[in-house]
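Trainee: One file: coords26.cif (mmCIF, C-alpha atoms and all ligand atoms).
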```
data_data
loop_
_atom_site.label_atom_id
_atom_site.label_comp_id
_atom_site.auth_asym_id
_atom_site.auth_seq_id
_atom_site.Cartn_x
_atom_site.Cartn_y
_atom_site.Cartn_z
CA MET A 1 0.00 0.00 0.00
CA PRO A 2 2.62 2.59 -0.99
CA ASN A 3 0.25 5.34 -2.15
CA ASP A 4 -0.29 7.62 0.82
CA ALA A 5 -3.18 9.71 -0.49
CA LEU A 6 -6.18 10.05 1.84
CA ASP A 7 -8.69 11.26 -0.73
CA LEU A 8 -9.02 7.86 -2.42
CA PRO A 9 -12.16 7.46 -4.55
CA LEU A 10 -15.25 6.17 -2.76
CA LEU A 11 -17.64 3.87 -4.58
CA THR A 12 -21.21 4.44 -3.38
CA LEU A 13 -23.38 1.33 -3.32
CA PRO A 14 -26.89 1.99 -4.57
CA THR A 15 -28.69 0.53 -1.53
CA ALA A 16 -32.31 1.08 -0.62
CA ALA A 17 -31.35 2.97 2.55
CA GLU A 18 -33.01 6.18 3.64
CA ALA A 19 -31.00 9.40 3.88
CA THR A 20 -30.81 9.05 7.67
CA ALA A 21 -29.73 5.37 7.67
CA PRO A 22 -26.37 4.46 9.23
CA HIS A 23 -23.51 5.48 6.98
CA LEU A 24 -20.79 2.82 6.73
CA LEU A 25 -17.41 2.74 5.04
CA ILE A 26 -15.87 -0.54 3.88
CA ILE A 27 -12.12 -0.33 3.48
CA TYR A 28 -10.77 -3.15 1.32
CA THR A 29 -7.10 -3.95 1.92
CA GLY A 30 -6.87 -7.39 0.28
CA GLY A 31 -6.79 -10.92 1.68
CA THR A 32 -8.43 -14.19 0.70
CA VAL A 33 -11.88 -12.62 0.97
CA GLY A 34 -11.38 -10.93 -2.40
CA MET A 35 -8.93 -13.26 -4.07
CA VAL A 36 -9.09 -15.09 -7.39
CA ALA A 37 -6.72 -17.61 -8.94
CA ASN A 38 -4.04 -16.32 -11.36
CA HIS A 39 -2.65 -18.26 -14.35
CA LEU A 40 -0.43 -20.30 -12.00
CA ASN A 41 -3.48 -21.13 -9.88
CA GLU A 42 -2.12 -18.99 -7.01
CA LEU A 43 -4.57 -16.78 -5.11
CA VAL A 44 -4.11 -13.03 -5.75
CA PRO A 45 -6.41 -10.09 -4.83
CA MET A 46 -9.12 -9.15 -7.30
CA HIS A 47 -10.48 -5.72 -8.11
CA PHE A 48 -12.96 -4.27 -5.64
CA GLY A 49 -15.67 -3.68 -8.24
CA GLU A 50 -15.67 -7.44 -8.61
CA LEU A 51 -16.27 -7.91 -4.88
CA ASP A 52 -19.38 -5.77 -5.10
CA ARG A 53 -20.57 -7.82 -8.10
CA GLN A 54 -19.98 -11.07 -6.20
CA LEU A 55 -21.99 -9.89 -3.20
CA PRO A 56 -25.25 -8.45 -4.51
CA GLU A 57 -26.69 -8.83 -0.97
CA LEU A 58 -24.73 -5.72 0.00
CA ARG A 59 -27.14 -3.60 -1.98
CA ARG A 60 -30.12 -4.92 -0.05
CA LEU A 61 -28.82 -3.73 3.33
CA PRO A 62 -30.67 -0.83 5.00
CA TYR A 63 -27.48 1.21 5.28
CA ARG A 64 -25.72 3.83 3.20
CA ILE A 65 -22.54 2.04 2.20
CA GLU A 66 -19.42 3.35 0.52
CA LEU A 67 -16.45 1.29 -0.54
CA LEU A 68 -12.83 2.32 -0.58
CA ALA A 69 -10.12 0.06 -1.96
CA LEU A 70 -6.48 0.65 -1.19
CA PRO A 71 -4.53 1.24 -4.41
CA GLU A 72 -2.46 -1.89 -3.86
CA LEU A 73 -4.42 -4.84 -2.53
CA ILE A 74 -2.20 -7.19 -0.59
CA ASP A 75 -2.01 -10.57 1.00
CA SER A 76 -1.86 -9.65 4.68
CA SER A 77 1.49 -11.44 5.05
CA ASN A 78 2.89 -8.29 3.41
CA VAL A 79 1.35 -5.87 5.93
CA THR A 80 3.79 -3.49 7.60
CA PRO A 81 3.46 -0.85 10.35
CA ALA A 82 3.30 1.76 7.56
CA ASP A 83 0.01 0.14 6.47
CA TRP A 84 -1.38 0.43 10.02
CA LEU A 85 -0.49 4.12 10.17
CA ARG A 86 -2.13 4.60 6.82
CA LEU A 87 -5.31 2.77 7.85
CA ALA A 88 -5.47 4.85 11.02
CA ARG A 89 -5.08 8.04 8.97
CA LEU A 90 -7.78 6.93 6.54
CA ILE A 91 -10.21 6.22 9.36
CA GLY A 92 -9.34 9.56 10.96
CA HIS A 93 -9.90 11.30 7.62
CA HIS A 94 -13.39 9.77 7.20
CA TYR A 95 -14.28 9.59 10.89
CA ALA A 96 -16.78 12.46 11.01
CA ALA A 97 -18.62 11.42 7.86
CA PHE A 98 -19.30 7.78 8.78
CA ASP A 99 -21.04 5.96 11.65
CA GLY A 100 -18.91 2.84 11.42
CA PHE A 101 -16.06 1.20 9.53
CA VAL A 102 -15.52 -2.33 8.25
CA VAL A 103 -11.99 -3.27 7.22
CA LEU A 104 -11.68 -6.21 4.81
CA HIS A 105 -8.30 -7.73 5.56
CA GLY A 106 -6.41 -10.97 5.11
CA THR A 107 -6.72 -13.28 8.07
CA ASP A 108 -3.02 -14.11 8.45
CA THR A 109 -2.06 -10.85 10.18
CA MET A 110 -5.53 -9.50 10.95
CA ALA A 111 -5.01 -9.87 14.69
CA TYR A 112 -1.84 -7.75 14.53
CA SER A 113 -3.54 -5.07 12.42
CA ALA A 114 -6.61 -4.94 14.66
CA ALA A 115 -4.42 -4.64 17.76
CA ALA A 116 -2.28 -1.93 16.12
CA LEU A 117 -5.37 0.07 15.14
CA GLY A 118 -6.71 -0.39 18.65
CA PHE A 119 -3.63 1.39 20.00
CA LEU A 120 -3.38 4.03 17.27
CA LEU A 121 -7.04 5.11 17.51
CA GLU A 122 -7.20 6.58 21.01
CA HIS A 123 -10.64 7.62 22.34
CA LEU A 124 -12.35 5.71 19.52
CA GLY A 125 -16.09 6.38 19.67
CA LYS A 126 -17.26 4.39 16.61
CA PRO A 127 -17.03 0.74 15.52
CA VAL A 128 -14.05 -0.40 13.45
CA VAL A 129 -14.73 -4.03 12.53
CA PHE A 130 -12.07 -6.13 10.83
CA THR A 131 -13.27 -9.11 8.86
CA GLY A 132 -12.28 -11.34 5.96
CA ALA A 133 -12.82 -14.90 4.82
CA GLN A 134 -11.20 -18.30 4.73
CA VAL A 135 -12.75 -19.05 1.33
CA PRO A 136 -12.80 -16.31 -1.35
CA VAL A 137 -16.06 -14.57 -2.15
CA GLY A 138 -17.83 -16.13 -5.10
CA ARG A 139 -16.65 -19.65 -4.29
CA THR A 140 -19.12 -22.27 -3.15
CA ARG A 141 -19.18 -22.36 0.66
CA SER A 142 -17.38 -19.03 0.96
CA ASP A 143 -17.69 -17.44 4.40
CA ALA A 144 -17.22 -13.95 2.92
CA ALA A 145 -20.89 -12.96 2.69
CA ARG A 146 -21.72 -14.13 6.18
CA ASN A 147 -18.73 -12.37 7.72
CA LEU A 148 -19.04 -9.11 5.81
CA LEU A 149 -22.83 -8.73 6.08
CA THR A 150 -22.80 -9.31 9.84
CA ALA A 151 -19.76 -7.09 10.32
CA LEU A 152 -21.72 -4.30 8.64
CA GLU A 153 -24.70 -4.97 10.89
CA ILE A 154 -22.48 -4.75 13.96
CA ALA A 155 -20.85 -1.55 12.67
CA ALA A 156 -24.31 -0.01 12.29
CA ALA A 157 -25.65 -1.10 15.69
CA ARG A 158 -26.94 1.48 18.16
CA HIS A 159 -28.36 1.25 21.66
CA GLN A 160 -32.13 1.61 21.46
CA PRO A 161 -33.87 3.94 21.99
CA ALA A 162 -30.95 6.18 22.97
CA GLY A 163 -29.26 5.83 19.57
CA THR A 164 -25.78 5.80 21.08
CA VAL A 165 -22.92 3.79 19.58
CA ARG A 166 -22.95 0.16 20.72
CA LEU A 167 -19.36 -0.81 19.94
CA PRO A 168 -16.85 2.04 20.34
CA GLU A 169 -13.99 -0.40 19.71
CA VAL A 170 -11.78 -2.05 17.14
CA GLY A 171 -12.98 -5.66 16.79
CA VAL A 172 -12.40 -8.76 14.70
CA PHE A 173 -15.57 -10.42 13.42
CA PHE A 174 -15.27 -13.98 12.19
CA ASP A 175 -17.53 -17.03 12.15
CA ASP A 176 -20.31 -15.38 14.16
CA VAL A 177 -18.13 -14.01 16.94
CA LEU A 178 -16.74 -10.52 17.46
CA ILE A 179 -13.55 -10.34 19.51
CA ARG A 180 -11.79 -7.23 20.78
CA GLY A 181 -8.98 -6.32 18.37
CA THR A 182 -6.35 -6.21 21.09
CA ARG A 183 -7.36 -9.72 22.23
CA ALA A 184 -7.60 -11.54 18.92
CA LYS A 185 -5.40 -14.41 17.78
CA LYS A 186 -5.58 -16.41 14.55
CA VAL A 187 -5.85 -19.99 15.73
CA GLU A 188 -7.06 -21.86 12.67
CA SER A 189 -6.06 -21.91 9.00
CA GLN A 190 -8.43 -24.58 7.71
CA GLN A 191 -11.72 -24.19 9.58
CA PHE A 192 -14.06 -21.20 9.54
CA ALA A 193 -13.61 -20.30 13.22
CA ALA A 194 -10.25 -18.65 12.58
CA PHE A 195 -10.00 -16.31 15.58
CA LYS A 196 -10.10 -16.73 19.30
CA SER A 197 -9.61 -14.70 22.43
CA GLU A 198 -8.55 -16.97 25.26
CA ASN A 199 -8.56 -14.44 28.06
CA TYR A 200 -11.50 -12.16 27.28
CA PRO A 201 -15.09 -12.97 26.33
CA PRO A 202 -16.48 -12.25 22.86
CA LEU A 203 -18.07 -8.80 22.58
CA VAL A 204 -20.81 -9.93 20.19
CA ARG A 205 -22.22 -13.31 19.21
CA ALA A 206 -24.23 -13.49 16.01
CA GLY A 207 -27.03 -16.02 15.94
CA ILE A 208 -30.56 -15.31 14.81
CA ASN A 209 -30.06 -12.01 16.62
CA LEU A 210 -26.92 -10.08 17.48
CA ASP A 211 -26.15 -10.69 21.13
CA PHE A 212 -24.01 -7.80 22.42
CA ASN A 213 -22.06 -8.44 25.60
CA ASP A 214 -22.49 -4.80 26.65
CA ALA A 215 -20.86 -5.29 30.06
CA SER A 216 -17.59 -6.31 28.36
CA ILE A 217 -17.53 -3.54 25.76
CA ARG A 218 -15.48 -0.42 26.46
CA PRO A 219 -17.49 2.69 27.38
CA LEU A 220 -17.87 5.62 25.04
CA PRO A 221 -14.80 7.84 25.29
CA ALA A 222 -14.99 11.21 27.01
CA ALA A 223 -12.51 12.83 24.62
CA PRO A 224 -12.43 13.20 20.82
CA LEU A 225 -10.62 10.66 18.63
CA LYS A 226 -6.85 11.00 18.58
CA VAL A 227 -5.12 9.31 15.66
CA HIS A 228 -1.54 8.50 16.65
CA GLN A 229 1.00 8.60 13.88
CA GLN A 230 4.13 6.95 15.16
CA LEU A 231 5.17 3.36 15.64
CA GLU A 232 8.64 2.24 16.67
CA GLU A 233 9.78 -0.55 14.37
CA LYS A 234 13.00 -1.41 16.22
CA VAL A 235 11.36 -4.21 18.15
CA ALA A 236 11.65 -7.99 18.16
CA VAL A 237 10.02 -11.17 19.47
CA LEU A 238 12.19 -13.80 21.14
CA ARG A 239 10.52 -17.15 21.76
CA LEU A 240 12.22 -19.36 24.31
CA PHE A 241 12.60 -23.11 23.80
CA PRO A 242 14.54 -25.71 25.72
CA GLY A 243 17.99 -25.74 24.14
CA ILE A 244 17.99 -22.11 22.99
CA THR A 245 21.61 -20.97 22.80
CA ALA A 246 23.38 -17.80 23.90
CA ALA A 247 24.16 -17.07 20.24
CA VAL A 248 20.44 -16.94 19.38
CA VAL A 249 19.48 -14.81 22.39
CA GLU A 250 22.41 -12.45 21.80
CA ALA A 251 21.64 -12.19 18.08
CA VAL A 252 18.10 -11.01 18.83
CA LEU A 253 18.70 -8.82 21.87
CA GLY A 254 21.90 -7.44 20.34
CA VAL A 255 20.25 -6.07 17.17
CA PRO A 256 21.76 -2.58 16.78
CA GLY A 257 19.31 0.11 17.85
CA LEU A 258 16.79 -2.38 19.26
CA ARG A 259 14.40 -0.60 21.66
CA GLY A 260 11.99 -3.31 22.74
CA CYS A 261 11.55 -7.07 22.75
CA VAL A 262 8.63 -9.34 23.51
CA LEU A 263 10.05 -12.32 25.40
CA GLU A 264 7.79 -15.36 24.96
CA THR A 265 8.34 -17.30 28.16
CA TYR A 266 6.98 -20.52 29.62
CA GLY A 267 3.88 -20.96 31.79
CA SER A 268 3.22 -18.05 34.10
CA GLY A 269 6.21 -16.11 32.76
CA ASN A 270 9.17 -18.35 33.55
CA ALA A 271 12.56 -18.37 31.85
CA PRO A 272 15.91 -20.13 32.35
CA THR A 273 18.02 -19.05 35.30
CA ALA A 274 21.28 -19.95 33.51
CA PRO A 275 23.82 -17.16 34.14
CA TRP A 276 24.50 -16.66 30.40
CA PHE A 277 20.79 -16.04 29.77
CA LEU A 278 20.40 -13.59 32.65
CA ASP A 279 23.60 -11.81 31.53
CA CYS A 280 22.18 -11.39 28.02
CA LEU A 281 19.04 -9.85 29.49
CA ALA A 282 21.02 -7.60 31.83
CA ARG A 283 23.19 -6.33 28.96
CA ALA A 284 20.09 -5.65 26.85
CA GLN A 285 18.52 -3.68 29.70
CA GLN A 286 21.74 -1.67 30.07
CA ARG A 287 21.57 -0.79 26.36
CA GLY A 288 18.03 0.49 26.98
CA VAL A 289 16.11 -2.43 25.44
CA LEU A 290 12.78 -2.84 27.21
CA VAL A 291 11.66 -6.45 27.54
CA LEU A 292 7.98 -7.37 27.81
CA ASN A 293 7.27 -10.83 29.22
CA VAL A 294 4.45 -12.70 27.45
CA SER A 295 3.52 -16.31 28.12
CA GLN A 296 3.60 -18.98 25.45
CA CYS A 297 0.42 -20.33 27.09
CA GLU A 298 -2.58 -18.92 25.32
CA GLU A 299 -4.69 -19.01 28.47
CA GLY A 300 -3.67 -17.66 31.85
CA ARG A 301 -1.29 -14.86 32.66
CA VAL A 302 2.26 -13.88 33.46
CA VAL A 303 2.81 -13.57 37.21
CA GLN A 304 6.42 -12.56 37.64
CA GLY A 305 7.66 -13.68 41.02
CA ARG A 306 5.53 -16.79 41.45
CA TYR A 307 8.60 -18.91 40.73
CA GLU A 308 12.28 -18.16 41.21
CA THR A 309 12.61 -18.51 37.42
CA SER A 310 10.46 -15.42 36.89
CA ALA A 311 11.42 -13.44 40.00
CA ARG A 312 14.88 -13.05 38.43
CA LEU A 313 13.25 -11.38 35.43
CA THR A 314 11.58 -8.76 37.64
CA ARG A 315 14.92 -7.97 39.26
CA LEU A 316 16.40 -7.46 35.78
CA GLY A 317 13.70 -4.92 34.89
CA VAL A 318 11.66 -7.20 32.61
CA ILE A 319 8.07 -5.94 32.43
CA GLY A 320 5.30 -8.49 33.09
CA GLY A 321 2.78 -8.59 30.23
CA ASP A 322 -0.09 -10.11 32.26
CA ASP A 323 -2.52 -11.89 29.93
CA ILE A 324 -1.65 -9.98 26.76
CA THR A 325 -1.30 -11.83 23.44
CA THR A 326 1.97 -11.67 21.49
CA GLU A 327 0.10 -9.86 18.71
CA ALA A 328 -1.03 -7.13 21.09
CA ALA A 329 2.30 -7.08 22.92
CA ILE A 330 4.41 -6.39 19.84
CA THR A 331 2.03 -3.69 18.58
CA LYS A 332 1.80 -2.17 22.07
CA LEU A 333 5.60 -2.02 22.22
CA MET A 334 5.68 -0.30 18.82
CA PHE A 335 2.99 2.13 19.91
CA VAL A 336 4.31 3.00 23.36
CA LEU A 337 7.94 3.26 22.23
CA GLY A 338 6.73 5.42 19.32
CA LEU A 339 5.45 7.96 21.86
CA ASN A 340 9.10 8.61 22.79
CA LEU A 341 8.39 9.26 26.46
CA PRO A 342 10.91 9.13 29.30
CA GLU A 343 11.71 5.53 30.27
CA ALA A 344 9.69 5.58 33.50
CA ASP A 345 6.54 6.65 31.59
CA THR A 346 7.18 4.08 28.87
CA ARG A 347 7.48 1.34 31.51
CA ARG A 348 4.31 2.53 33.23
CA LEU A 349 2.30 2.50 29.99
CA LEU A 350 3.64 -0.92 29.02
CA SER A 351 2.53 -2.42 32.31
CA GLN A 352 -0.91 -0.85 32.38
CA ASP A 353 -4.03 -1.57 30.36
CA LEU A 354 -4.38 0.91 27.50
CA ARG A 355 -7.10 -0.50 25.21
CA GLY A 356 -8.52 -3.50 26.99
CA GLU A 357 -5.53 -5.68 26.02
CA ILE A 358 -4.89 -6.94 29.55
CA THR A 359 -7.19 -7.92 32.37
CA VAL A 360 -6.61 -5.60 35.27
N1 LIG B 1 -2.96 -15.16 3.04
C1 LIG B 1 -4.26 -14.54 3.24
C2 LIG B 1 -4.04 -13.18 3.87
O1 LIG B 1 -3.84 -13.10 5.04
C3 LIG B 1 -5.09 -15.42 4.11
C4 LIG B 1 -6.50 -14.93 4.36
O2 LIG B 1 -6.91 -13.85 4.04
O3 LIG B 1 -7.28 -15.74 4.91
O4 LIG B 1 -4.06 -12.19 3.18
#
```
Would you mind writing the structure in this file as structure tokens?
Ligand code: ASP
Mentor:
Amino acid sequence: MPNDALDLPLLTLPTAAEATAPHLLIIYTGGTVGMVANHLNELVPMHFGELDRQLPELRRLPYRIELLALPELIDSSNVTPADWLRLARLIGHHYAAFDGFVVLHGTDTMAYSAAALGFLLEHLGKPVVFTGAQVPVGRTRSDAARNLLTALEIAAARHQPAGTVRLPEVGVFFDDVLIRGTRAKKVESQQFAAFKSENYPPLVRAGINLDFNDASIRPLPAAPLKVHQQLEEKVAVLRLFPGITAAVVEAVLGVPGLRGCVLETYGSGNAPTAPWFLDCLARAQQRGVLVLNVSQCEEGRVVQGRYETSARLTRLGVIGGDDITTEAAITKLMFVLGLNLPEADTRRLLSQDLRGEITV
């Protein structure tokens, strides 16, 4: 998505909606949802006009819908932080004119993108729903229509009769469940239920009716939207495994200019107590690298200090990530380090809940 223009053309769908009906913007970034086979039988993104043709149901929805396609549609494996900044800017640019946003995105990195947008869009007061499909639109048994149509319904939802926004959050909607963006994880590449949140309940379940879990949804913000525009890319993820060598740990933590690292530890946040390992961590801390401790267990949380093997980490200045996912942890590191605050403030923000990504 190299083109940085914000005034990209909008395609208005001729729906039967009244002039006062919810006004929704679909932003198409690419992904399987809109892919077709090329001459080598590999899946590549198709043109957005085609997506509209494949989903005539869109035109029957009682909403005013506009479509915006990014100039370069991509497989989400090619997503970069620059794309997240761009998406955030686009949503900021169209924020006042629309009631809700649906982002069509590849599933592979959707959880990272949704978490990144969750951090970048501070004081979000409107729904931003990421969705996609495991089977391209137009194919028999595609999940595209079901995911997109319900995502639009969720993006349009209001409390009745007050008319206030029901979901002032970034979410991931897939296979009838909407998960908070900063909690989502892709857990499945073959079945339709591709996303899961192990440590936080779904915000919406779609059956015959939409069942909103209002008590778990963030409240409406008291301040206007703030679109952040900086992400620190000098970050890394280091996953521990029995047998990991000093050379590997040093290679990652010793990357020149590195500012932050997500350390994927065992169980409730445990790591080896071997002197070489602790020395590597100590040297990284001295160079100013902040280390965020995230568990390899999908359920449960990091409790530094429960075992001797994690108490050492606290003494070395490693920050406990609680029940955050790796996807949210790496994007939170990028976001918080991008704020360029004094170290004490950076540490404080990394250990506290910013967008519902950890359970306080
Ligand atoms: N490779 C695709 C992507 O993430 C997979 C998908 O969309 O399901 O763009």
Trainee: Taking 2 positions as the minimum chain separation for residues in the same chain, which residues sit within 8 Å of segment 217-228 of chain A when counting all atoms listed in the file? Answer as a PyMOL selection string.
Mentor: chain A and resi 85+88-89+92+120-125+165+167-169+203+213-215+230+356
Trainee: Using only C-alpha atoms, which protein or nucleic acid residues come within 9 Å of Glu343 of chain A? Drop anything in the same chain fewer than 3 positions from it, and give the result as JSON, numbers by chain.
Mentor: {"A": [288, 290, 340, 346, 347, 348]}
Trainee: Write out, as a PDB file, in the frame of the given file, the residues just selected, with C-alpha atoms.
Mentor:
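result.pdb written:
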```
ATOM      1  CA  GLY A 288      18.030   0.490  26.980  1.00  0.00           C
ATOM      2  CA  LEU A 290      12.780  -2.840  27.210  1.00  0.00           C
ATOM      3  CA  ASN A 340       9.100   8.610  22.790  1.00  0.00           C
ATOM      4  CA  THR A 346       7.180   4.080  28.870  1.00  0.00           C
ATOM      5  CA  ARG A 347       7.480   1.340  31.510  1.00  0.00           C
ATOM      6  CA  ARG A 348       4.310   2.530  33.230  1.00  0.00           C
TER       7      ARG A 348
END
```
Trainee: Measuring atom to atom with only C-alpha atoms, identify which of A:Gly260, A:Gly269, A:Gly171, A:Pro127 is nearest to Gly338 of chain A.
Mentor: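 Once distances to Gly338 of chain A are computed over only C-alpha atoms, the minimum belongs to A:Gly260.
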Trainee: Would you pick out the contacts of Arg259 of chain A at 12 Å or less, using only C-alpha atoms, so that residues sharing its chain but fewer than 4 positions from it are not included, and give the list as a PyMOL selection string?
Mentor: chain A and resi 231-237+252-255+284-292+330+333-338+340+343+346
Trainee: Quick one: everything within 9 Å of Thr107 of chain A, counting only C-alpha atoms, minus sequence neighbours fewer than 2 positions away in the same chain. Send it as a PyMOL selection string.
Mentor: chain A and resi 31-33+75-77+105+109-111+131-134+186+189+194-195
Trainee: Selected residues, C-alpha atoms, written as a CSV table (one decimal), in the frame of the given file, please.
Mentor:
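Result went into part.csv, see below:
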```csv
chain,number,residue,atom,x,y,z
A,31,GLY,CA,-6.8,-10.9,1.7
A,32,THR,CA,-8.4,-14.2,0.7
A,33,VAL,CA,-11.9,-12.6,1.0
A,75,ASP,CA,-2.0,-10.6,1.0
A,76,SER,CA,-1.9,-9.6,4.7
A,77,SER,CA,1.5,-11.4,5.0
A,105,HIS,CA,-8.3,-7.7,5.6
A,109,THR,CA,-2.1,-10.8,10.2
A,110,MET,CA,-5.5,-9.5,11.0
A,111,ALA,CA,-5.0,-9.9,14.7
A,131,THR,CA,-13.3,-9.1,8.9
A,132,GLY,CA,-12.3,-11.3,6.0
A,133,ALA,CA,-12.8,-14.9,4.8
A,134,GLN,CA,-11.2,-18.3,4.7
A,186,LYS,CA,-5.6,-16.4,14.6
A,189,SER,CA,-6.1,-21.9,9.0
A,194,ALA,CA,-10.2,-18.6,12.6
A,195,PHE,CA,-10.0,-16.3,15.6
```
Trainee: Using all atoms listed in the file, which residue out of A:Ser142, A:Ser351, A:Gln54, A:Thr15 lies closest to ligand LIG 1 (chain B)?
Mentor: A:Ser142
Trainee: List as a CSV table (one decimal) with C-alpha atoms, in the coordinates of the input the protein and nucleic acid residues near Leu278 of chain A, meaning an atom at most 9 Å away when only C-alpha atoms are counted, but skip any in the same chain fewer than 4 places from it.
Mentor:
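Contents of the output file part_31.csv:
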```csv
chain,number,residue,atom,x,y,z
A,272,PRO,CA,15.9,-20.1,32.4
A,273,THR,CA,18.0,-19.0,35.3
A,274,ALA,CA,21.3,-20.0,33.5
A,282,ALA,CA,21.0,-7.6,31.8
A,283,ARG,CA,23.2,-6.3,29.0
A,312,ARG,CA,14.9,-13.0,38.4
A,313,LEU,CA,13.2,-11.4,35.4
A,316,LEU,CA,16.4,-7.5,35.8
```
Trainee: Which residue out of A:Ile91, A:Ala271, A:Ala193, A:Ala155 has the minimum interatomic distance to ligand LIG 1 (chain B) when all atoms listed in the file are used?
Mentor: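 Smallest distance to ligand LIG 1 (chain B) is found for A:Ala193.
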Trainee: Atom CA of Val137 of chain A and atom CA of Leu90 of chain A are how many Å apart?
Mentor: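 Separation between atom CA of Val137 of chain A and atom CA of Leu90 of chain A: 24.6 Å.
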